[in-house]
Structures are given as C-alpha cells and as structure tokens.
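See structure below.
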Amino acid sequence: MKTIYTLHILAAMTFTILSGCNNAKTETSSNKEDSIVDIRVALTESQFKSIHIKTDKIEPKTLGTTLDVNGVLDVPPQNLVTVSALLGGFIKSTDILQGMRIKKGSVLASIQNPEFVTIQRDYLENKSKLKYLEQEFKRQEELSKENVSAAKVFQQVSSEYNSALVANGALSEKLKMIGINPDGLTQNNIKSTVNILSPINGYITVVNINIGTYVNPQDVICEIVDTEHLHAELTVFEKDITKIKVGQKIKFTIVNGEPIERTAHVYLINHKISSDRTVRIHAHMDKNDPTLIPNMYLKATIEVGEKEVLAIPDKALVEIDGGNYVFAEVSSNQPDQHQYKAIEVQKGVSENNYTAIELPAGLDYKKLNIVVDGSYDLLAKLKNVAEEE
C-alpha cells in the first residue's frame with residue numbers, strides 16, 4: 001500500500017505545514033514502500049509581487065540528442081619529446097626539474113665526452129686537407145686541359161678531392177648533431193663539453209639525470225610536453241560509431257576535478273576498431289586551458305543529432321532532495337493567493353539555456369503553466385519553513 005503525503009506550505013505572514021495524513025496512518029504494513037510527496041507553496045499578493053514570479057507554457061523544442069562517452073586528454077606526437085644524448089657521455093651540469101617551464105633552445109644539461117674532441121679534430125684536419133686538395137685539383141685540371149698533366153694523375157687528385165668533400169660534409173653534420181657549429185670551429189675553441197638544448201617549448205615531465213650520471217645514446221635524459229595543442233581522445237563503442245560526424249559539438253568535464261564544463265568538437269574519427277570493439281575519436285578543444293594536463297580522464301557528451309522534446313529554461317529547474325522539480329501554477333481556493341505545486345521531472349539534454357524534461361505519466365504539458373523565473377525564490381521559502389519546523 002502506498003501512503004500519500006500532502007505538504008502544503010502557505011506563505012502568508014508565516015508558513016504553515018499541513019500533513020494530509022497523521023503519523024498513526026503512516027505505517028500500514030511492515031513493508032516500507034515509496035511515498036508520493038505533494039509539495040505546494042502559496043504566496044500572498046504582496047509576496048508574489050516582491051518575488052516577481054513569471055510563468056509560461058511548456059513548449060516542444062528541437063534540442064540535440066547526445067551520446068555519453070569517456071576519454072583522456074592527450075597531446076600529438078610532435079608535442080611530446082624524449083630527449084637523449086646522441087653520443088652519450090657524462091653529465092657535467094643541469095638544473096632542470098619536473099614541472100619546469102622551458103623554452104625552445106634552452107640548455108637542459110651539459111655533457112662531456114672525449115669523442116667530441118676527436119670529431120672536432122677530424123673535421124679541422126680534413127678541412128685543412130680539403131683546401132690543399134681543392135687547389136691541387138684546379139691546378140691538375142688546367143694542366144689536363146693543356147695535355148701537360150697525365151690523365152692518371154688528374155684522376156687520382158680528383159678522387160682524393162671528392163673524398164675530402166664527402167668527409168667534410170659528414171663531419172660537419174656530425175658536429176651539428178652534437179650541438180657544435182662547424183662554421184665557427186677553429187683549433188682554438190675545441191671543447192670536450194657540449195650543451196643539450198630543448199627542441200620545443202613546454203614543461204619538463206620526466207628527469208632521469210643528475211651531475212655525474214653517465215648516459216648512453218639510448219638513455220632518456222628527460223621528457224618535455226607542450227600542452228598548447230592538448231586534445232581529447234574519446235572512446236566510442238562500435239554500435240554508436242555511425243552516429244559520429246566530424247564537427248559535432250562536445251561538452252566534457254574532468255573526472256575527479258572541478259565540475260567545470262568545457263567544449264570541444266570532433267576533429268578526426270579513427271577507421272580501426274580496437275580489440276574491445278571501440279573506436280578512438282580525436283577531438284579538438286574550442287579553447288586552450290593551461291590548467292589541464294595530459295592523461296587526465298574525462299567524461300564527455302557528444303551532440304549526435306537533433307530531436308523534438310519538451311524543454312524549459314534551465315532556471316526553471318530546481319533540486320529538492322536529489323530530485324529535479326519544476327513549479328507549476330495551480331488554482332487556490334483562497335482569494336489573493338498564488339499557489340504553486342512542485343512536480344518532479346526527469347532531466348534530459350541541455351542546450352542554449354534550455355533543458356529537456358519528461359513529465360510524470362498522465363500530465364498534459366499543454367495544461368501546465370510553470371514558473372520560469374522565480375523558482376529559486378520559491379525553493380528558498382521551502383527551505384526556510386523546513387528549518388523553522
């Protein structure tokens with residue numbers, strides 16, 4: 001058996017709470033069943049004018065239908081850099097820390113290796129040899145034209161000159177790879193220590209070195225992430241993938257974070273179904289947020305289409321004991337009194353300051369006048385009466 005409670009809250013000079021059933025009639029059996037609560041608020045004419053209550057009809061509106069998905073924040077491959085030492089060596093100095101903001105070209109560490117000296121020596125020796133061979137090549141070329149020099153001699157000089165050119169190019173590139181400018185290298189500025197520079201702007205996320213550490217070429221010195229192009233990687237089930245289109249709007253919130261709603265849009269749709277029968281969706285955020293970092297989990301809603309639904313202004317909805325309610329205007333048997341009944345509704349998608357609702361079975365939305373402005377004032381009066389009781 002269901003027990004129906006009627007709670008009338010009349011706002012005159014004071015509020016009176018009346019119960020439609022007394023306590024003796026409340027417990028009718030040992031099995032407790034859900035109760036239906038009738039909540040009403042009545043205002044005098046003066047109170048009505050002071051609150052500025054506004055009512056309106058519920059109208060069908062076309063709102064977007066949505067798909068709820070999960071995902072994670074990520075960055076593109078070019079925005080995540082793993083830094084290593086090309087030839088290895090001992091770390092001579094570093095002052096990097098996790099979380100540090102770094103600019104492209106900033107010194108991450110200095111590294112020392114005797115091989116650096118060898119490469120510079122080989123480059124300078126070959127450069128000197130190249131000058132001699134270039135002159136000899138030109139001389140033998142002229143002699144060859146005058147048939148004074150033997151062809152065999154010219155071929156030998158030409159071969160040595162070309163070999164020196166190749167060696168010069170290779171050693172020059174090797175110097176650039178370890179951070180030494182070959183154009184400014186002389187016998188007076190050969191060094192055994194070079195600087196490792198940041199290849200991008202970003203934040204240092206991993207540091208694996210300290211002064212004195214020996215690093216091999218395959219060792220990771222640090223990792224840097226640039227969050228300027230942070231995006232969302234969403235997971236959509238196979239059965240829903242046909243609903244997804246490039247450009248669709250997305251609203252998302254960070255799991256275990258502040259309940260701030262951010263917006264994005266579908267940018268790319270993967271064309272491969274993973275082993276768990278899901279598809280990855282690449283979404284671009286509409287506005288960069290420096291407070292977000294990669295690998296944050298998120299919950300998202302994708303607007304996948306449009307549907308005609310009953311919708312009301314967002315501010316018409318109030319929450320009472322965890323449920324969503326609207327206040328509907330009802331007739332009063334007392335003169336100069338405005339009475340409103342709280343009706344529990346099921347809340348749907350929200351868009352452009354309107355929210356879709358589902359009314360209880362049997363209610364005709366065409367016959368309802370709901371409060372669209374002043375709902376929170378009515379709710380405040382309910383809470384005040386509850387505290388007084």
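By order in the structure tokens, chains are A, B, ...; within a chain, residues start at 1; ligands start at 1, following the order shown.
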Considering only C-alpha atoms, return as a PyMOL selection string whatever protein or nucleic-acid residues lie within 10 Å of segment 123-140 of chain A, sequence-local ones (same chain, fewer than 3 positions apart) excluded.
chain A and resi 117-120+143-146+148-151+153-165+167-172+174-175+182+185-187+190
DSSP on the backbone, strand (DSSP E or B) only: what residues of segment 110-198 of chain A does that give? Format it as number ranges by chain.
A: 110-112, 193-197
Restricting it to N, CA and C atoms, dump the selection as a short mmCIF file (atom, residue, chain, number, x, y, z; two decimals), in the first residue's frame.
```cif
data_model
loop_
_atom_site.label_atom_id
_atom_site.label_comp_id
_atom_site.auth_asym_id
_atom_site.auth_seq_id
_atom_site.Cartn_x
_atom_site.Cartn_y
_atom_site.Cartn_z
N SER A 110 74.61 19.92 -19.74
CA SER A 110 75.87 19.87 -20.50
C SER A 110 76.47 18.48 -20.31
N ILE A 111 77.02 17.94 -21.39
CA ILE A 111 77.53 16.58 -21.38
C ILE A 111 78.95 16.55 -21.91
N GLN A 112 79.79 15.71 -21.31
CA GLN A 112 81.21 15.64 -21.68
C GLN A 112 81.53 14.26 -22.24
N THR A 193 82.99 19.44 -23.92
CA THR A 193 81.64 19.50 -23.35
C THR A 193 80.71 20.25 -24.29
N VAL A 194 79.53 19.71 -24.50
CA VAL A 194 78.52 20.38 -25.33
C VAL A 194 77.22 20.48 -24.55
N ASN A 195 76.37 21.41 -24.97
CA ASN A 195 75.07 21.61 -24.34
C ASN A 195 73.98 20.83 -25.06
N ILE A 196 73.08 20.26 -24.27
CA ILE A 196 71.89 19.61 -24.82
C ILE A 196 70.75 20.62 -24.71
N LEU A 197 70.16 21.00 -25.85
CA LEU A 197 69.16 22.06 -25.89
C LEU A 197 67.75 21.49 -26.04
#
```
Looking only at the backbone, which of the residues in segment 88-272 of chain A does DSSP tag as alpha helix (DSSP H), as a compact mmCIF listing (two decimals) with N, CA and C atoms, in the first residue's frame?
```txt
# COMPACT_ATOMS: atom_id res chain seq x y z
N PRO A 114 85.03 12.46 -24.58
CA PRO A 114 86.27 12.63 -25.36
C PRO A 114 86.05 12.51 -26.86
N GLU A 115 85.01 11.82 -27.26
CA GLU A 115 84.75 11.66 -28.69
C GLU A 115 84.39 12.99 -29.35
N PHE A 116 83.85 13.92 -28.53
CA PHE A 116 83.56 15.24 -29.09
C PHE A 116 84.84 15.89 -29.61
N VAL A 117 85.93 15.74 -28.84
CA VAL A 117 87.23 16.31 -29.24
C VAL A 117 87.72 15.63 -30.52
N THR A 118 87.57 14.33 -30.59
CA THR A 118 88.02 13.58 -31.77
C THR A 118 87.30 14.04 -33.03
N ILE A 119 85.99 14.23 -32.93
CA ILE A 119 85.21 14.66 -34.10
C ILE A 119 85.66 16.05 -34.55
N GLN A 120 85.89 16.95 -33.60
CA GLN A 120 86.32 18.31 -33.96
C GLN A 120 87.71 18.29 -34.60
N ARG A 121 88.60 17.46 -34.05
CA ARG A 121 89.94 17.34 -34.63
C ARG A 121 89.87 16.81 -36.06
N ASP A 122 89.09 15.76 -36.25
CA ASP A 122 88.97 15.17 -37.59
C ASP A 122 88.39 16.18 -38.58
N TYR A 123 87.46 16.97 -38.12
CA TYR A 123 86.85 17.96 -39.01
C TYR A 123 87.86 19.02 -39.43
N LEU A 124 88.62 19.53 -38.46
CA LEU A 124 89.60 20.58 -38.77
C LEU A 124 90.73 20.05 -39.65
N GLU A 125 91.19 18.82 -39.38
CA GLU A 125 92.24 18.22 -40.21
C GLU A 125 91.76 18.02 -41.64
N ASN A 126 90.54 17.53 -41.77
CA ASN A 126 90.00 17.31 -43.13
C ASN A 126 89.76 18.63 -43.84
N LYS A 127 89.34 19.64 -43.07
CA LYS A 127 89.11 20.95 -43.67
C LYS A 127 90.40 21.54 -44.22
N SER A 128 91.48 21.37 -43.46
CA SER A 128 92.79 21.85 -43.93
C SER A 128 93.25 21.08 -45.16
N LYS A 129 93.06 19.79 -45.13
CA LYS A 129 93.44 18.95 -46.27
C LYS A 129 92.61 19.30 -47.51
N LEU A 130 91.34 19.64 -47.26
CA LEU A 130 90.44 19.96 -48.37
C LEU A 130 90.90 21.20 -49.12
N LYS A 131 91.42 22.17 -48.41
CA LYS A 131 91.90 23.39 -49.07
C LYS A 131 93.06 23.07 -50.02
N TYR A 132 93.98 22.24 -49.55
CA TYR A 132 95.12 21.85 -50.39
C TYR A 132 94.64 21.07 -51.61
N LEU A 133 93.73 20.10 -51.37
CA LEU A 133 93.25 19.27 -52.47
C LEU A 133 92.44 20.07 -53.49
N GLU A 134 91.74 21.08 -53.02
CA GLU A 134 90.97 21.93 -53.94
C GLU A 134 91.91 22.69 -54.88
N GLN A 135 92.98 23.22 -54.30
CA GLN A 135 93.96 23.94 -55.13
C GLN A 135 94.65 22.99 -56.10
N GLU A 136 95.02 21.80 -55.62
CA GLU A 136 95.70 20.83 -56.47
C GLU A 136 94.76 20.34 -57.58
N PHE A 137 93.49 20.18 -57.23
CA PHE A 137 92.52 19.74 -58.23
C PHE A 137 92.40 20.76 -59.36
N LYS A 138 92.31 22.03 -59.00
CA LYS A 138 92.20 23.07 -60.02
C LYS A 138 93.46 23.14 -60.88
N ARG A 139 94.62 22.97 -60.25
CA ARG A 139 95.88 23.02 -61.00
C ARG A 139 95.98 21.86 -61.97
N GLN A 140 95.67 20.66 -61.50
CA GLN A 140 95.74 19.49 -62.36
C GLN A 140 94.68 19.55 -63.47
N GLU A 141 93.56 20.18 -63.16
CA GLU A 141 92.52 20.33 -64.17
C GLU A 141 92.99 21.20 -65.33
N GLU A 142 93.68 22.29 -65.00
CA GLU A 142 94.21 23.17 -66.04
C GLU A 142 95.30 22.48 -66.85
N LEU A 143 96.16 21.74 -66.14
CA LEU A 143 97.22 21.02 -66.84
C LEU A 143 96.65 19.95 -67.75
N SER A 144 95.58 19.33 -67.30
CA SER A 144 94.96 18.29 -68.11
C SER A 144 94.38 18.87 -69.39
N LYS A 145 93.84 20.07 -69.30
CA LYS A 145 93.28 20.72 -70.49
C LYS A 145 94.37 21.04 -71.51
N ALA A 151 96.63 11.99 -67.44
CA ALA A 151 95.23 11.79 -67.03
C ALA A 151 95.14 11.01 -65.74
N LYS A 152 96.09 10.10 -65.54
CA LYS A 152 96.08 9.28 -64.32
C LYS A 152 96.29 10.13 -63.08
N VAL A 153 97.16 11.12 -63.16
CA VAL A 153 97.43 12.00 -62.01
C VAL A 153 96.20 12.83 -61.69
N PHE A 154 95.56 13.35 -62.72
CA PHE A 154 94.36 14.17 -62.51
C PHE A 154 93.24 13.35 -61.88
N GLN A 155 93.08 12.11 -62.32
CA GLN A 155 92.05 11.24 -61.76
C GLN A 155 92.30 10.96 -60.28
N GLN A 156 93.57 10.77 -59.93
CA GLN A 156 93.91 10.50 -58.53
C GLN A 156 93.61 11.71 -57.66
N VAL A 157 94.00 12.89 -58.12
CA VAL A 157 93.75 14.12 -57.36
C VAL A 157 92.24 14.37 -57.25
N SER A 158 91.53 14.13 -58.34
CA SER A 158 90.08 14.33 -58.34
C SER A 158 89.40 13.41 -57.34
N SER A 159 89.87 12.16 -57.27
CA SER A 159 89.30 11.19 -56.33
C SER A 159 89.54 11.61 -54.89
N GLU A 160 90.77 12.04 -54.60
CA GLU A 160 91.09 12.46 -53.23
C GLU A 160 90.30 13.71 -52.84
N TYR A 161 90.13 14.61 -53.79
CA TYR A 161 89.39 15.85 -53.53
C TYR A 161 87.92 15.54 -53.23
N ASN A 162 87.31 14.69 -54.02
CA ASN A 162 85.91 14.32 -53.80
C ASN A 162 85.71 13.58 -52.48
N SER A 163 86.67 12.73 -52.14
CA SER A 163 86.61 12.01 -50.85
C SER A 163 86.67 12.99 -49.69
N ALA A 164 87.52 14.01 -49.83
CA ALA A 164 87.64 15.02 -48.78
C ALA A 164 86.36 15.84 -48.65
N LEU A 165 85.70 16.11 -49.79
CA LEU A 165 84.43 16.83 -49.76
C LEU A 165 83.36 16.03 -49.01
N VAL A 166 83.31 14.73 -49.29
CA VAL A 166 82.34 13.87 -48.62
C VAL A 166 82.61 13.83 -47.12
N ALA A 167 83.88 13.66 -46.75
CA ALA A 167 84.25 13.61 -45.33
C ALA A 167 83.92 14.92 -44.64
N ASN A 168 84.14 16.03 -45.34
CA ASN A 168 83.85 17.35 -44.77
C ASN A 168 82.35 17.50 -44.48
N GLY A 169 81.53 17.05 -45.44
CA GLY A 169 80.09 17.13 -45.25
C GLY A 169 79.60 16.25 -44.11
N ALA A 170 80.15 15.04 -44.03
CA ALA A 170 79.73 14.11 -42.98
C ALA A 170 80.14 14.60 -41.60
N LEU A 171 81.38 15.06 -41.48
CA LEU A 171 81.86 15.56 -40.18
C LEU A 171 81.14 16.83 -39.77
N SER A 172 80.81 17.66 -40.77
CA SER A 172 80.08 18.89 -40.48
C SER A 172 78.70 18.58 -39.90
N GLU A 173 78.01 17.61 -40.49
CA GLU A 173 76.69 17.23 -39.99
C GLU A 173 76.79 16.58 -38.61
N LYS A 174 77.84 15.82 -38.39
CA LYS A 174 78.03 15.18 -37.09
C LYS A 174 78.23 16.22 -36.00
N LEU A 175 78.97 17.28 -36.32
CA LEU A 175 79.16 18.36 -35.36
C LEU A 175 77.83 19.05 -35.04
N LYS A 176 77.03 19.27 -36.06
CA LYS A 176 75.73 19.91 -35.84
C LYS A 176 74.84 19.04 -34.96
N MET A 177 74.93 17.74 -35.15
CA MET A 177 74.10 16.82 -34.37
C MET A 177 74.44 16.84 -32.89
```
Considering only C-alpha atoms, return as a PyMOL selection string whatever protein or nucleic-acid residues lie within 7 Å of segment 328-345 of chain A, sequence-local ones (same chain, fewer than 4 positions apart) excluded.
chain A and resi 39-45+323-324+357-360+368-371
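Taking only C-alpha atoms into account, Met285 of chain A lies nearest to A:Ala264 out of the set A:Val72, A:Ile58, A:Ala264, A:Cys222.
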Could you tell me how far atom CA of Ser84 of chain A sits from atom CA of Asn113 of chain A, in Å to one decimal place?
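Rounded to one decimal, the two atoms are 14.2 Å apart.
A straight line drawn from atom CA of Ser350 of chain A to atom CA of Thr65 of chain A is 9.5 Å long.
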Which is closer to Ile241 of chain A than all the others in A:Val207, A:Pro259, A:Leu67, A:Val75, using only C-alpha atoms?
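Nearest candidate to Ile241 of chain A out of A:Val207, A:Pro259, A:Leu67, A:Val75: A:Leu67.
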Report, in Å to a single decimal, how far apart atom CA of Lys347 of chain A and atom CA of Tyr325 of chain A are.
9.1 Å
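When only C-alpha atoms are used to compute distances to Val236 of chain A, the closest of the residues A:Asp68, A:Asp74, A:Glu223, A:Asp95 turns out to be A:Asp68.
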Need to verify the contact set: Ile91 of chain A, 8 Å, only C-alpha atoms, exclusion of same-chain residues closer than 3 positions in sequence. Can you return it as a list in words?
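Surrounding residues, per the criterion: Thr94, Ala109, Ser110, Ile111, Gln112, Ile209, Asn210, Ile211, Gly212, Thr213, Tyr214 and Val215 of chain A.
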Among the residues A:Tyr297, A:Phe90, A:Tyr365, A:Tyr267, the one that comes closest to Ile254 of chain A [using only C-alpha atoms]
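Closest candidate: A:Tyr297.
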